[in-house]
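protein03.pdb (PDB, C-alpha atoms)
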```pdb
ATOM      1  CA  MET X 170       4.833  -2.982  22.221
ATOM      2  CA  LYS X 171       2.681  -0.078  21.193
ATOM      3  CA  SER X 172      -0.739   0.027  22.764
ATOM      4  CA  LEU X 173      -4.022   1.538  21.682
ATOM      5  CA  GLU X 174      -4.049   3.621  24.883
ATOM      6  CA  GLU X 175      -0.974   5.364  23.541
ATOM      7  CA  LEU X 176      -2.895   6.083  20.346
ATOM      8  CA  GLN X 177      -5.682   7.710  22.336
ATOM      9  CA  LYS X 178      -3.147  10.145  23.841
ATOM     10  CA  ILE X 179      -1.660  10.813  20.411
ATOM     11  CA  LYS X 180      -5.128  11.608  19.113
ATOM     12  CA  GLU X 181      -5.708  14.129  21.882
ATOM     13  CA  ARG X 182      -2.396  15.860  21.164
ATOM     14  CA  ALA X 183      -3.204  15.921  17.438
ATOM     15  CA  LEU X 184      -6.608  17.463  18.147
ATOM     16  CA  ASP X 185      -4.988  20.149  20.309
ATOM     17  CA  ARG X 186      -2.538  20.936  17.523
ATOM     18  CA  ARG X 187      -5.389  21.203  15.059
ATOM     19  CA  LYS X 188      -7.238  23.647  17.292
ATOM     20  CA  LEU X 189      -4.170  25.888  17.188
ATOM     21  CA  THR X 190      -3.410  25.727  13.486
ATOM     22  CA  GLY X 191      -6.918  25.299  12.144
ATOM     23  CA  GLU X 192      -7.933  21.865  10.934
ATOM     24  CA  GLY X 193      -8.471  20.595   7.409
ATOM     25  CA  ALA X 194      -5.935  19.607   4.826
ATOM     26  CA  ARG X 195      -4.150  22.369   2.994
ATOM     27  CA  ALA X 196      -2.743  20.090   0.367
ATOM     28  CA  ARG X 197      -3.107  16.615  -1.120
ATOM     29  CA  VAL X 198      -0.394  14.323  -2.414
ATOM     30  CA  ILE X 199      -1.518  11.392  -4.547
ATOM     31  CA  VAL X 200       0.778   8.522  -5.495
ATOM     32  CA  ALA X 201      -0.182   6.288  -8.415
ATOM     33  CA  MET X 202      -0.101   2.669  -7.273
ATOM     34  CA  GLY X 203      -1.003   0.605 -10.336
ATOM     35  CA  THR X 204       1.008  -2.476 -11.297
ATOM     36  CA  CYS X 205       3.342  -0.350 -13.435
ATOM     37  CA  GLY X 206       3.818   2.094 -10.577
ATOM     38  CA  ILE X 207       4.608  -0.621  -8.056
ATOM     39  CA  ALA X 208       7.107  -2.170 -10.494
ATOM     40  CA  ALA X 209       8.787   1.253 -10.867
ATOM     41  CA  GLY X 210       9.090   1.698  -7.093
ATOM     42  CA  ALA X 211       5.962   3.744  -6.256
ATOM     43  CA  ARG X 212       5.583   2.095  -2.865
ATOM     44  CA  ASP X 213       9.070   3.247  -1.854
ATOM     45  CA  THR X 214       8.229   6.714  -3.222
ATOM     46  CA  MET X 215       5.095   6.867  -1.079
ATOM     47  CA  SER X 216       7.021   5.611   1.956
ATOM     48  CA  ALA X 217       9.554   8.388   1.357
ATOM     49  CA  VAL X 218       6.776  10.990   1.129
ATOM     50  CA  LEU X 219       5.316   9.814   4.451
ATOM     51  CA  SER X 220       8.791   9.846   6.041
ATOM     52  CA  GLU X 221       9.445  13.418   4.880
ATOM     53  CA  LEU X 222       6.114  14.650   6.267
ATOM     54  CA  GLU X 223       6.891  12.897   9.527
ATOM     55  CA  LYS X 224      10.421  14.327   9.671
ATOM     56  CA  LYS X 225       9.243  17.859   8.912
ATOM     57  CA  GLN X 226       6.231  17.467  11.236
ATOM     58  CA  ILE X 227       3.835  18.568   8.502
ATOM     59  CA  THR X 228       0.298  18.054   9.741
ATOM     60  CA  ASP X 229      -1.915  19.578   7.057
ATOM     61  CA  VAL X 230      -1.157  17.349   4.090
ATOM     62  CA  VAL X 231      -3.140  14.238   3.175
ATOM     63  CA  VAL X 232      -1.440  11.453   1.207
ATOM     64  CA  THR X 233      -3.556   9.000  -0.756
ATOM     65  CA  GLN X 234      -3.178   6.425  -3.534
ATOM     66  CA  THR X 235      -4.774   6.049  -6.900
ATOM     67  CA  GLY X 236      -4.689   3.368  -9.582
ATOM     68  CA  CYS X 237      -3.014   3.350 -12.980
ATOM     69  CA  LEU X 238      -3.207   6.748 -14.684
ATOM     70  CA  GLY X 239      -2.245   5.406 -18.096
ATOM     71  CA  LEU X 240       1.140   7.216 -18.022
ATOM     72  CA  CYS X 241       3.093   4.071 -17.260
ATOM     73  CA  GLU X 242       6.328   5.209 -18.883
ATOM     74  CA  TYR X 243       6.502   8.104 -16.363
ATOM     75  CA  GLU X 244       6.115   6.010 -13.223
ATOM     76  CA  PRO X 245       6.531   6.569 -10.295
ATOM     77  CA  ILE X 246       3.942   9.329 -10.583
ATOM     78  CA  VAL X 247       3.110  11.801  -7.825
ATOM     79  CA  GLN X 248       0.341  14.399  -8.012
ATOM     80  CA  VAL X 249       0.259  17.482  -5.808
ATOM     81  CA  GLN X 250      -2.734  19.680  -5.240
ATOM     82  CA  ILE X 251      -2.503  22.746  -3.037
ATOM     83  CA  GLY X 252      -5.796  24.325  -2.051
ATOM     84  CA  GLU X 253      -7.855  25.297  -5.084
ATOM     85  CA  GLN X 254      -4.873  25.383  -7.459
ATOM     86  CA  ASP X 255      -4.561  23.095 -10.475
ATOM     87  CA  MET X 256      -3.217  19.655  -9.741
ATOM     88  CA  VAL X 257       0.411  19.205 -10.771
ATOM     89  CA  THR X 258       1.457  15.786 -12.067
ATOM     90  CA  TYR X 259       5.061  14.705 -11.657
ATOM     91  CA  GLY X 260       6.869  11.814 -13.356
ATOM     92  CA  HIS X 261       9.885   9.668 -12.502
ATOM     93  CA  ILE X 262       9.696  10.587  -8.825
ATOM     94  CA  ASP X 263      11.974   8.065  -7.193
ATOM     95  CA  THR X 264      12.905   8.228  -3.512
ATOM     96  CA  SER X 265      15.877  10.540  -4.189
ATOM     97  CA  ARG X 266      13.592  13.254  -5.590
ATOM     98  CA  VAL X 267      11.059  13.187  -2.779
ATOM     99  CA  PRO X 268      12.798  15.499  -0.252
ATOM    100  CA  GLU X 269      13.229  18.273  -2.837
ATOM    101  CA  LEU X 270       9.658  17.866  -4.089
ATOM    102  CA  ILE X 271       8.240  18.189  -0.575
ATOM    103  CA  GLU X 272      10.513  21.115   0.299
ATOM    104  CA  LYS X 273      10.062  23.152  -2.905
ATOM    105  CA  HIS X 274       6.416  22.482  -3.757
ATOM    106  CA  LEU X 275       4.572  21.468  -0.601
ATOM    107  CA  VAL X 276       6.447  23.718   1.796
ATOM    108  CA  GLY X 277       7.655  26.443  -0.561
ATOM    109  CA  GLY X 278       4.618  26.506  -2.843
ATOM    110  CA  GLU X 279       6.717  26.419  -6.037
ATOM    111  CA  PRO X 280       6.183  23.436  -8.383
ATOM    112  CA  VAL X 281       9.366  21.784  -9.637
ATOM    113  CA  GLU X 282       8.816  22.446 -13.340
ATOM    114  CA  ALA X 283      11.601  20.158 -14.549
ATOM    115  CA  TRP X 284       9.823  17.089 -13.168
ATOM    116  CA  THR X 285       6.267  17.828 -14.238
ATOM    117  CA  ILE X 286       4.426  15.920 -16.936
ATOM    118  CA  LYS X 287       2.531  18.151 -19.256
ATOM    119  CA  GLN X 288      -0.818  16.469 -19.809
ATOM    120  CA  GLY X 289      -1.253  15.563 -23.436
ATOM    121  CA  ALA X 290       2.511  15.080 -23.866
TER     122      ALA X 290
ATOM    123  CA  MET U   9      11.762 -12.808 -14.686
ATOM    124  CA  THR U  10       9.081 -10.932 -12.847
ATOM    125  CA  ALA U  11       8.277  -7.271 -12.394
ATOM    126  CA  PHE U  12       8.340  -7.364  -8.593
ATOM    127  CA  ARG U  13      11.322  -8.201  -6.416
ATOM    128  CA  GLU U  14       9.270  -8.748  -3.273
ATOM    129  CA  LEU U  15       6.127 -10.690  -2.411
ATOM    130  CA  SER U  16       4.902  -7.673  -0.443
ATOM    131  CA  GLN U  17       4.722  -5.762  -3.748
ATOM    132  CA  HIS U  18       2.428  -8.488  -5.140
ATOM    133  CA  ILE U  19       0.288  -8.136  -2.015
ATOM    134  CA  LEU U  20       0.104  -4.363  -2.587
ATOM    135  CA  ASP U  21      -0.798  -4.889  -6.242
ATOM    136  CA  ILE U  22      -3.596  -7.394  -5.556
ATOM    137  CA  ALA U  23      -4.913  -5.187  -2.734
ATOM    138  CA  GLU U  24      -5.141  -2.323  -5.241
ATOM    139  CA  ASN U  25      -7.354  -4.564  -7.403
ATOM    140  CA  SER U  26      -9.619  -5.090  -4.407
ATOM    141  CA  ILE U  27      -9.833  -1.369  -3.748
ATOM    142  CA  ASN U  28     -10.582  -0.642  -7.416
ATOM    143  CA  ALA U  29     -13.378  -3.201  -7.158
ATOM    144  CA  GLY U  30     -14.978  -1.092  -4.448
ATOM    145  CA  ALA U  31     -13.906  -3.137  -1.431
ATOM    146  CA  ASP U  32     -13.832  -1.393   1.921
ATOM    147  CA  LEU U  33     -12.644  -4.384   3.947
ATOM    148  CA  LEU U  34      -9.620  -6.493   3.055
ATOM    149  CA  PHE U  35      -8.173  -9.501   4.830
ATOM    150  CA  ILE U  36      -4.454  -9.988   4.208
ATOM    151  CA  ASP U  37      -3.180 -13.294   5.586
ATOM    152  CA  ILE U  38       0.380 -14.532   5.511
ATOM    153  CA  ARG U  39       1.086 -17.950   6.916
ATOM    154  CA  GLU U  40       4.654 -19.254   7.191
ATOM    155  CA  ASP U  41       4.838 -22.923   8.116
ATOM    156  CA  PHE U  42       8.424 -24.072   8.407
ATOM    157  CA  LYS U  43       7.518 -27.718   9.117
ATOM    158  CA  ALA U  44       5.434 -27.960   5.972
ATOM    159  CA  ASP U  45       7.938 -25.688   4.143
ATOM    160  CA  SER U  46       5.090 -23.541   2.874
ATOM    161  CA  LEU U  47       4.340 -19.851   2.611
ATOM    162  CA  THR U  48       0.696 -19.002   1.954
ATOM    163  CA  ILE U  49      -0.600 -15.559   1.079
ATOM    164  CA  GLY U  50      -4.339 -14.866   1.072
ATOM    165  CA  ILE U  51      -5.995 -11.615   0.062
ATOM    166  CA  ALA U  52      -9.772 -11.515   0.435
ATOM    167  CA  ASP U  53     -12.054  -8.557  -0.177
ATOM    168  CA  ASN U  54     -15.711  -7.520  -0.096
ATOM    169  CA  GLY U  55     -15.603  -5.753  -3.458
ATOM    170  CA  ARG U  56     -17.923  -6.225  -6.418
ATOM    171  CA  GLY U  57     -16.423  -9.586  -7.381
ATOM    172  CA  MET U  58     -16.480 -11.247 -10.769
ATOM    173  CA  ASP U  59     -18.935 -13.489 -12.577
ATOM    174  CA  LYS U  60     -17.886 -16.970 -13.716
ATOM    175  CA  ALA U  61     -16.989 -15.813 -17.213
ATOM    176  CA  MET U  62     -14.611 -13.090 -15.997
ATOM    177  CA  LEU U  63     -13.139 -15.358 -13.316
ATOM    178  CA  GLN U  64     -12.134 -17.905 -15.927
ATOM    179  CA  ARG U  65     -10.328 -15.292 -18.006
ATOM    180  CA  VAL U  66      -8.742 -13.187 -15.264
ATOM    181  CA  THR U  67      -5.325 -14.885 -15.340
ATOM    182  CA  ASP U  68      -4.949 -13.944 -19.005
ATOM    183  CA  PRO U  69      -2.650 -10.910 -19.321
ATOM    184  CA  TRP U  70      -4.828  -9.462 -22.082
ATOM    185  CA  ILE U  71      -7.769  -9.242 -19.730
ATOM    186  CA  THR U  72      -8.124  -6.062 -17.702
ATOM    187  CA  THR U  73     -10.798  -3.755 -16.341
ATOM    188  CA  ARG U  74      -8.656  -0.686 -16.667
ATOM    189  CA  THR U  75      -9.376   1.652 -19.542
ATOM    190  CA  THR U  76      -5.948   3.269 -19.664
ATOM    191  CA  ARG U  77      -4.102   0.226 -20.974
ATOM    192  CA  LYS U  78      -4.904  -3.078 -22.747
ATOM    193  CA  VAL U  79      -3.098  -5.402 -20.324
ATOM    194  CA  GLY U  80      -3.681  -6.438 -16.745
ATOM    195  CA  LEU U  81      -0.467  -7.972 -15.534
ATOM    196  CA  GLY U  82      -0.870  -8.125 -11.756
ATOM    197  CA  ILE U  83      -2.660 -11.452 -11.518
ATOM    198  CA  PRO U  84      -0.669 -13.249 -14.247
ATOM    199  CA  PHE U  85       2.579 -12.023 -12.583
ATOM    200  CA  PHE U  86       1.531 -13.338  -9.178
ATOM    201  CA  LYS U  87       0.442 -16.666 -10.650
ATOM    202  CA  GLN U  88       3.766 -16.985 -12.490
ATOM    203  CA  SER U  89       5.666 -16.129  -9.309
ATOM    204  CA  ALA U  90       3.967 -18.981  -7.443
ATOM    205  CA  GLU U  91       4.340 -21.496 -10.227
ATOM    206  CA  MET U  92       8.077 -20.788 -10.492
ATOM    207  CA  CYS U  93       8.361 -22.006  -6.866
ATOM    208  CA  GLU U  94       6.504 -25.287  -7.091
ATOM    209  CA  GLY U  95       3.569 -23.332  -5.745
ATOM    210  CA  SER U  96      -0.021 -22.765  -6.678
ATOM    211  CA  PHE U  97      -2.336 -19.896  -7.433
ATOM    212  CA  GLY U  98      -6.039 -19.853  -6.771
ATOM    213  CA  ILE U  99      -8.698 -17.241  -7.198
ATOM    214  CA  GLN U 100     -12.342 -17.404  -6.137
ATOM    215  CA  SER U 101     -14.940 -14.785  -6.710
ATOM    216  CA  GLU U 102     -18.649 -14.182  -6.602
ATOM    217  CA  ALA U 103     -20.303 -11.219  -8.263
ATOM    218  CA  GLY U 104     -21.640  -8.881  -5.611
ATOM    219  CA  LYS U 105     -19.799 -10.626  -2.774
ATOM    220  CA  GLY U 106     -16.057 -10.303  -3.266
ATOM    221  CA  THR U 107     -12.872 -11.964  -4.379
ATOM    222  CA  LYS U 108     -10.212 -14.091  -2.730
ATOM    223  CA  VAL U 109      -6.725 -14.715  -4.097
ATOM    224  CA  VAL U 110      -4.587 -17.417  -2.489
ATOM    225  CA  THR U 111      -1.015 -18.187  -3.494
ATOM    226  CA  VAL U 112       1.103 -20.925  -1.987
ATOM    227  CA  PHE U 113       4.890 -21.038  -2.294
ATOM    228  CA  GLN U 114       7.465 -23.579  -1.237
ATOM    229  CA  HIS U 115       9.006 -21.521   1.580
ATOM    230  CA  SER U 116      12.615 -22.635   1.035
ATOM    231  CA  HIS U 117      12.540 -22.558  -2.772
ATOM    232  CA  ILE U 118      15.582 -20.805  -4.176
ATOM    233  CA  ASP U 119      13.454 -18.720  -6.556
ATOM    234  CA  ARG U 120      10.934 -17.685  -3.948
ATOM    235  CA  PRO U 121      11.057 -13.864  -3.676
ATOM    236  CA  PRO U 122      11.501 -12.482  -0.154
ATOM    237  CA  LEU U 123       8.432 -11.112   1.594
ATOM    238  CA  GLY U 124      10.274  -7.785   1.645
ATOM    239  CA  ASP U 125       9.030  -4.526   3.138
ATOM    240  CA  LEU U 126       5.706  -5.553   4.676
ATOM    241  CA  VAL U 127       5.718  -2.573   7.050
ATOM    242  CA  GLY U 128       6.043  -0.083   4.172
ATOM    243  CA  THR U 129       3.399  -1.924   2.185
ATOM    244  CA  LEU U 130       0.852  -1.904   5.005
ATOM    245  CA  LEU U 131       1.616   1.685   5.933
ATOM    246  CA  CYS U 132       0.970   2.791   2.344
ATOM    247  CA  LEU U 133      -2.229   0.759   2.123
ATOM    248  CA  ILE U 134      -3.689   1.874   5.449
ATOM    249  CA  VAL U 135      -2.708   5.556   5.221
ATOM    250  CA  GLY U 136      -3.298   5.897   1.482
ATOM    251  CA  ASN U 137      -6.849   4.558   1.518
ATOM    252  CA  PRO U 138      -8.705   6.347   4.330
ATOM    253  CA  THR U 139     -12.075   4.734   3.539
ATOM    254  CA  VAL U 140     -10.779   1.141   3.421
ATOM    255  CA  ASN U 141     -10.071  -1.134   6.376
ATOM    256  CA  PHE U 142      -7.452  -3.849   6.532
ATOM    257  CA  VAL U 143      -7.228  -6.899   8.766
ATOM    258  CA  TYR U 144      -3.629  -8.070   8.584
ATOM    259  CA  ARG U 145      -2.709 -11.448  10.030
ATOM    260  CA  HIS U 146       0.842 -12.763   9.811
ATOM    261  CA  TYR U 147       1.547 -16.197  11.258
ATOM    262  CA  VAL U 148       4.986 -17.723  11.588
ATOM    263  CA  ASP U 149       4.599 -21.276  12.932
ATOM    264  CA  ASP U 150       2.710 -20.716  16.205
ATOM    265  CA  ARG U 151       3.427 -16.984  16.538
ATOM    266  CA  ALA U 152       0.967 -14.407  15.289
ATOM    267  CA  PHE U 153       0.825 -10.667  14.619
ATOM    268  CA  ILE U 154      -2.609  -9.273  13.914
ATOM    269  CA  LEU U 155      -3.447  -5.686  13.124
ATOM    270  CA  ASP U 156      -6.984  -4.521  12.435
ATOM    271  CA  SER U 157      -7.109  -0.970  11.078
ATOM    272  CA  ARG U 158     -10.735  -0.672  12.247
ATOM    273  CA  GLU U 159      -9.477  -0.482  15.828
ATOM    274  CA  ILE U 160      -7.126   2.327  14.887
ATOM    275  CA  ARG U 161      -9.692   4.271  12.876
ATOM    276  CA  ALA U 162     -12.208   3.826  15.716
ATOM    277  CA  ILE U 163      -9.880   5.605  18.126
ATOM    278  CA  LEU U 164      -8.857   8.376  15.703
ATOM    279  CA  GLY U 165     -12.357   9.072  14.449
ATOM    280  CA  ASP U 166     -12.834  11.487  11.587
ATOM    281  CA  GLU U 167     -10.882  14.376  13.006
ATOM    282  CA  VAL U 168      -7.357  13.021  12.922
ATOM    283  CA  PRO U 169      -6.007  11.608   9.637
ATOM    284  CA  LEU U 170      -3.542   8.707   9.649
ATOM    285  CA  SER U 171      -1.035  10.879   7.808
ATOM    286  CA  ASP U 172      -0.630  13.032  10.940
ATOM    287  CA  PRO U 173       3.113  12.692  11.697
ATOM    288  CA  GLU U 174       2.659  11.405  15.247
ATOM    289  CA  VAL U 175       0.023   8.898  14.164
ATOM    290  CA  LEU U 176       2.254   7.777  11.307
ATOM    291  CA  ALA U 177       5.150   7.220  13.677
ATOM    292  CA  PHE U 178       2.870   5.247  15.990
ATOM    293  CA  LEU U 179       1.484   3.065  13.204
ATOM    294  CA  ARG U 180       4.923   2.421  11.758
ATOM    295  CA  GLY U 181       6.190   1.474  15.228
ATOM    296  CA  MET U 182       3.242  -0.840  15.810
ATOM    297  CA  LEU U 183       3.868  -2.603  12.506
ATOM    298  CA  GLU U 184       7.604  -2.865  13.099
ATOM    299  CA  ASP U 185       7.170  -4.195  16.636
ATOM    300  CA  GLY U 186       4.589  -6.707  15.467
ATOM    301  CA  GLU U 187       6.665  -8.018  12.588
ATOM    302  CA  HIS U 188       9.736  -8.138  14.798
ATOM    303  CA  SER U 189       7.898 -10.223  17.388
ATOM    304  CA  LEU U 190       7.434 -12.968  14.823
ATOM    305  CA  GLY U 191      11.131 -13.693  14.586
ATOM    306  CA  GLY U 192      11.443 -16.413  12.009
ATOM    307  CA  ALA U 193      14.031 -16.641   9.266
ATOM    308  CA  PRO U 194      15.669 -13.381   8.118
ATOM    309  CA  GLU U 195      13.934 -11.894   5.072
ATOM    310  CA  GLY U 196      15.426  -9.815   2.265
TER     311      GLY U 196
END
```

Mind turning the file's structure into structure tokens?
Amino acid sequence: MKSLEELQKIKERALDRRKLTGEGARARVIVAMGTCGIAAGARDTMSAVLSELEKKQITDVVVTQTGCLGLCEYEPIVQVQIGEQDMVTYGHIDTSRVPELIEKHLVGGEPVEAWTIKQGA
Amino acid sequence: MTAFRELSQHILDIAENSINAGADLLFIDIREDFKADSLTIGIADNGRGMDKAMLQRVTDPWITTRTTRKVGLGIPFFKQSAEMCEGSFGIQSEAGKGTKVVTVFQHSHIDRPPLGDLVGTLLCLIVGNPTVNFVYRHYVDDRAFILDSREIRAILGDEVPLSDPEVLAFLRGMLEDGEHSLGGAPEG
């Protein structure tokens, strides 16, 4: 069974890593988690995002949730914001699209245009 | 016919209501009693709550606080889910204090959705809402698994986010070990 002592050690290692790379989040990923989103599989999408970050050992990205964005027909919706750039809103991001999204946009810095929702559309 | 295949998705949905209502402390209780053949799910929060008038109307699908759409389906869906299983749905609330939703299901009912991915649900809730704390208590007969995110946040402090890969792996492992220790009937 995992213990909280183990967590203390993990914290210390994480702090050391942050001293090396410079702390603070470089990017934010937001997953819409309204009723429509959950029905469309948003929880599994978010789980997949967390798994990818874990697998790739990405430490400078924060993942949070938000409520219904009113774009229910595009769920699951994922928003990505890198630094001071404009936020990019993606639609229909099921678990199969997550690895490519993380690789191309979060790691590579290039939004995946084909999956974006143009606001006002 | 419901929108969610798993009870854990209902839990996630109701918890989102709590968070939207400004709650920063949620109690999520799951109690499986095989002798009584009951499954009880309780979600209690310290959010802004509802006055009597709103409380009476909240199970109506046309009632919602969101401005993006005209329907609020989460509560009516959960209520319907319980009632399809000879169960019951109850909601209490007090303006300024908080809200509590309790659903009871007949555990062995053929239409009772599986609890589903509780680990994924809790991981998303805890990691995705850094300013909210969750006390999760899952009882199966006389076994219990309790996780209080306040203990975890107390150790990590402000400097290390829960989405740090090593922390994530730890939290996921803790949840999986805890759920596994409950044994009980296999869940879908």

List the residues matched by the ChimeraX specification (/X :<7) & /U in the displayed structure as a compact mmCIF listing (two decimals) with C-alpha atoms, in the frame of the given file, ordered by chain and then by residue number.
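So result36.txt came out as:
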```
# COMPACT_ATOMS: atom_id res chain seq x y z
CA ALA U 11 8.28 -7.27 -12.39
CA PHE U 12 8.34 -7.36 -8.59
CA GLN U 17 4.72 -5.76 -3.75
CA ASP U 21 -0.80 -4.89 -6.24
CA THR U 76 -5.95 3.27 -19.66
CA ARG U 77 -4.10 0.23 -20.97
CA GLY U 82 -0.87 -8.12 -11.76
CA GLY U 128 6.04 -0.08 4.17
CA THR U 129 3.40 -1.92 2.18
CA CYS U 132 0.97 2.79 2.34
CA VAL U 135 -2.71 5.56 5.22
CA GLY U 136 -3.30 5.90 1.48
CA ASN U 137 -6.85 4.56 1.52
CA ILE U 163 -9.88 5.60 18.13
CA LEU U 164 -8.86 8.38 15.70
CA VAL U 168 -7.36 13.02 12.92
CA SER U 171 -1.03 10.88 7.81
CA ASP U 172 -0.63 13.03 10.94
CA PRO U 173 3.11 12.69 11.70
CA GLU U 174 2.66 11.40 15.25
CA VAL U 175 0.02 8.90 14.16
CA MET U 182 3.24 -0.84 15.81
CA ASP U 185 7.17 -4.20 16.64
```

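What separates CA of Ala90 (chain U) from CA of Asp59 (chain U) is a distance of 24.1 Å.
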
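Applied to this file, the PyMOL selection byres ((chain X and resi 287) around 12) selects the residues X:Leu240, X:Tyr243, X:Met256, X:Val257, X:Thr258, X:Tyr259, X:Gly260, X:Glu282, X:Ala283, X:Trp284, X:Thr285, X:Ile286, X:Gln288, X:Gly289, X:Ala290.
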
Do a neighbour search on Gly50 (chain U) at 12 Å with only C-alpha atoms, toss out local chain neighbours closer than 5 positions, and write the hits as a tab-separated table (two decimals) with C-alpha atoms, keeping the file's coordinate frame.
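Below is the file around-v6.tsv, written as the result:
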```
chain	number	residue	atom	x	y	z
U	15	LEU	CA	6.13	-10.69	-2.41
U	16	SER	CA	4.90	-7.67	-0.44
U	18	HIS	CA	2.43	-8.49	-5.14
U	19	ILE	CA	0.29	-8.14	-2.02
U	20	LEU	CA	0.10	-4.36	-2.59
U	22	ILE	CA	-3.60	-7.39	-5.56
U	23	ALA	CA	-4.91	-5.19	-2.73
U	34	LEU	CA	-9.62	-6.49	3.06
U	35	PHE	CA	-8.17	-9.50	4.83
U	36	ILE	CA	-4.45	-9.99	4.21
U	37	ASP	CA	-3.18	-13.29	5.59
U	38	ILE	CA	0.38	-14.53	5.51
U	39	ARG	CA	1.09	-17.95	6.92
U	40	GLU	CA	4.65	-19.25	7.19
U	86	PHE	CA	1.53	-13.34	-9.18
U	96	SER	CA	-0.02	-22.76	-6.68
U	97	PHE	CA	-2.34	-19.90	-7.43
U	98	GLY	CA	-6.04	-19.85	-6.77
U	99	ILE	CA	-8.70	-17.24	-7.20
U	100	GLN	CA	-12.34	-17.40	-6.14
U	107	THR	CA	-12.87	-11.96	-4.38
U	108	LYS	CA	-10.21	-14.09	-2.73
U	109	VAL	CA	-6.72	-14.72	-4.10
U	110	VAL	CA	-4.59	-17.42	-2.49
U	111	THR	CA	-1.01	-18.19	-3.49
U	112	VAL	CA	1.10	-20.92	-1.99
U	113	PHE	CA	4.89	-21.04	-2.29
U	143	VAL	CA	-7.23	-6.90	8.77
U	144	TYR	CA	-3.63	-8.07	8.58
U	145	ARG	CA	-2.71	-11.45	10.03
U	146	HIS	CA	0.84	-12.76	9.81
U	147	TYR	CA	1.55	-16.20	11.26
```

So that all listed atoms of region 227-242 of chain X fit with 4 Å spare on each side, what axis-aligned box centre and edge lengths in Å, to one decimal, would you give as lines of an AutoDock Vina configuration file?
```
center_x = 0.8
center_y = 11.5
center_z = -4.6
size_x = 19.1
size_y = 24.2
size_z = 36.6
```

Counting all atoms listed in the file, what is within 9 Å of Pro138 (chain U), bar same-chain residues fewer than 2 positions away, as a short mmCIF file (atom, residue, chain, number, x, y, z; two decimals) with C-alpha atoms, keeping the file's coordinate frame?
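result-v7.cif was written with the following content:
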```cif
data_model
loop_
_atom_site.label_atom_id
_atom_site.label_comp_id
_atom_site.auth_asym_id
_atom_site.auth_seq_id
_atom_site.Cartn_x
_atom_site.Cartn_y
_atom_site.Cartn_z
CA THR X 233 -3.56 9.00 -0.76
CA LEU U 133 -2.23 0.76 2.12
CA ILE U 134 -3.69 1.87 5.45
CA VAL U 135 -2.71 5.56 5.22
CA GLY U 136 -3.30 5.90 1.48
CA VAL U 140 -10.78 1.14 3.42
CA ASN U 141 -10.07 -1.13 6.38
CA ARG U 161 -9.69 4.27 12.88
CA PRO U 169 -6.01 11.61 9.64
CA LEU U 170 -3.54 8.71 9.65
#
```

Please measure the separation of CA of Gln114 (chain U) and CA of Glu14 (chain U), giving the value in Å to one decimal.
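The value is 15.1 Å.
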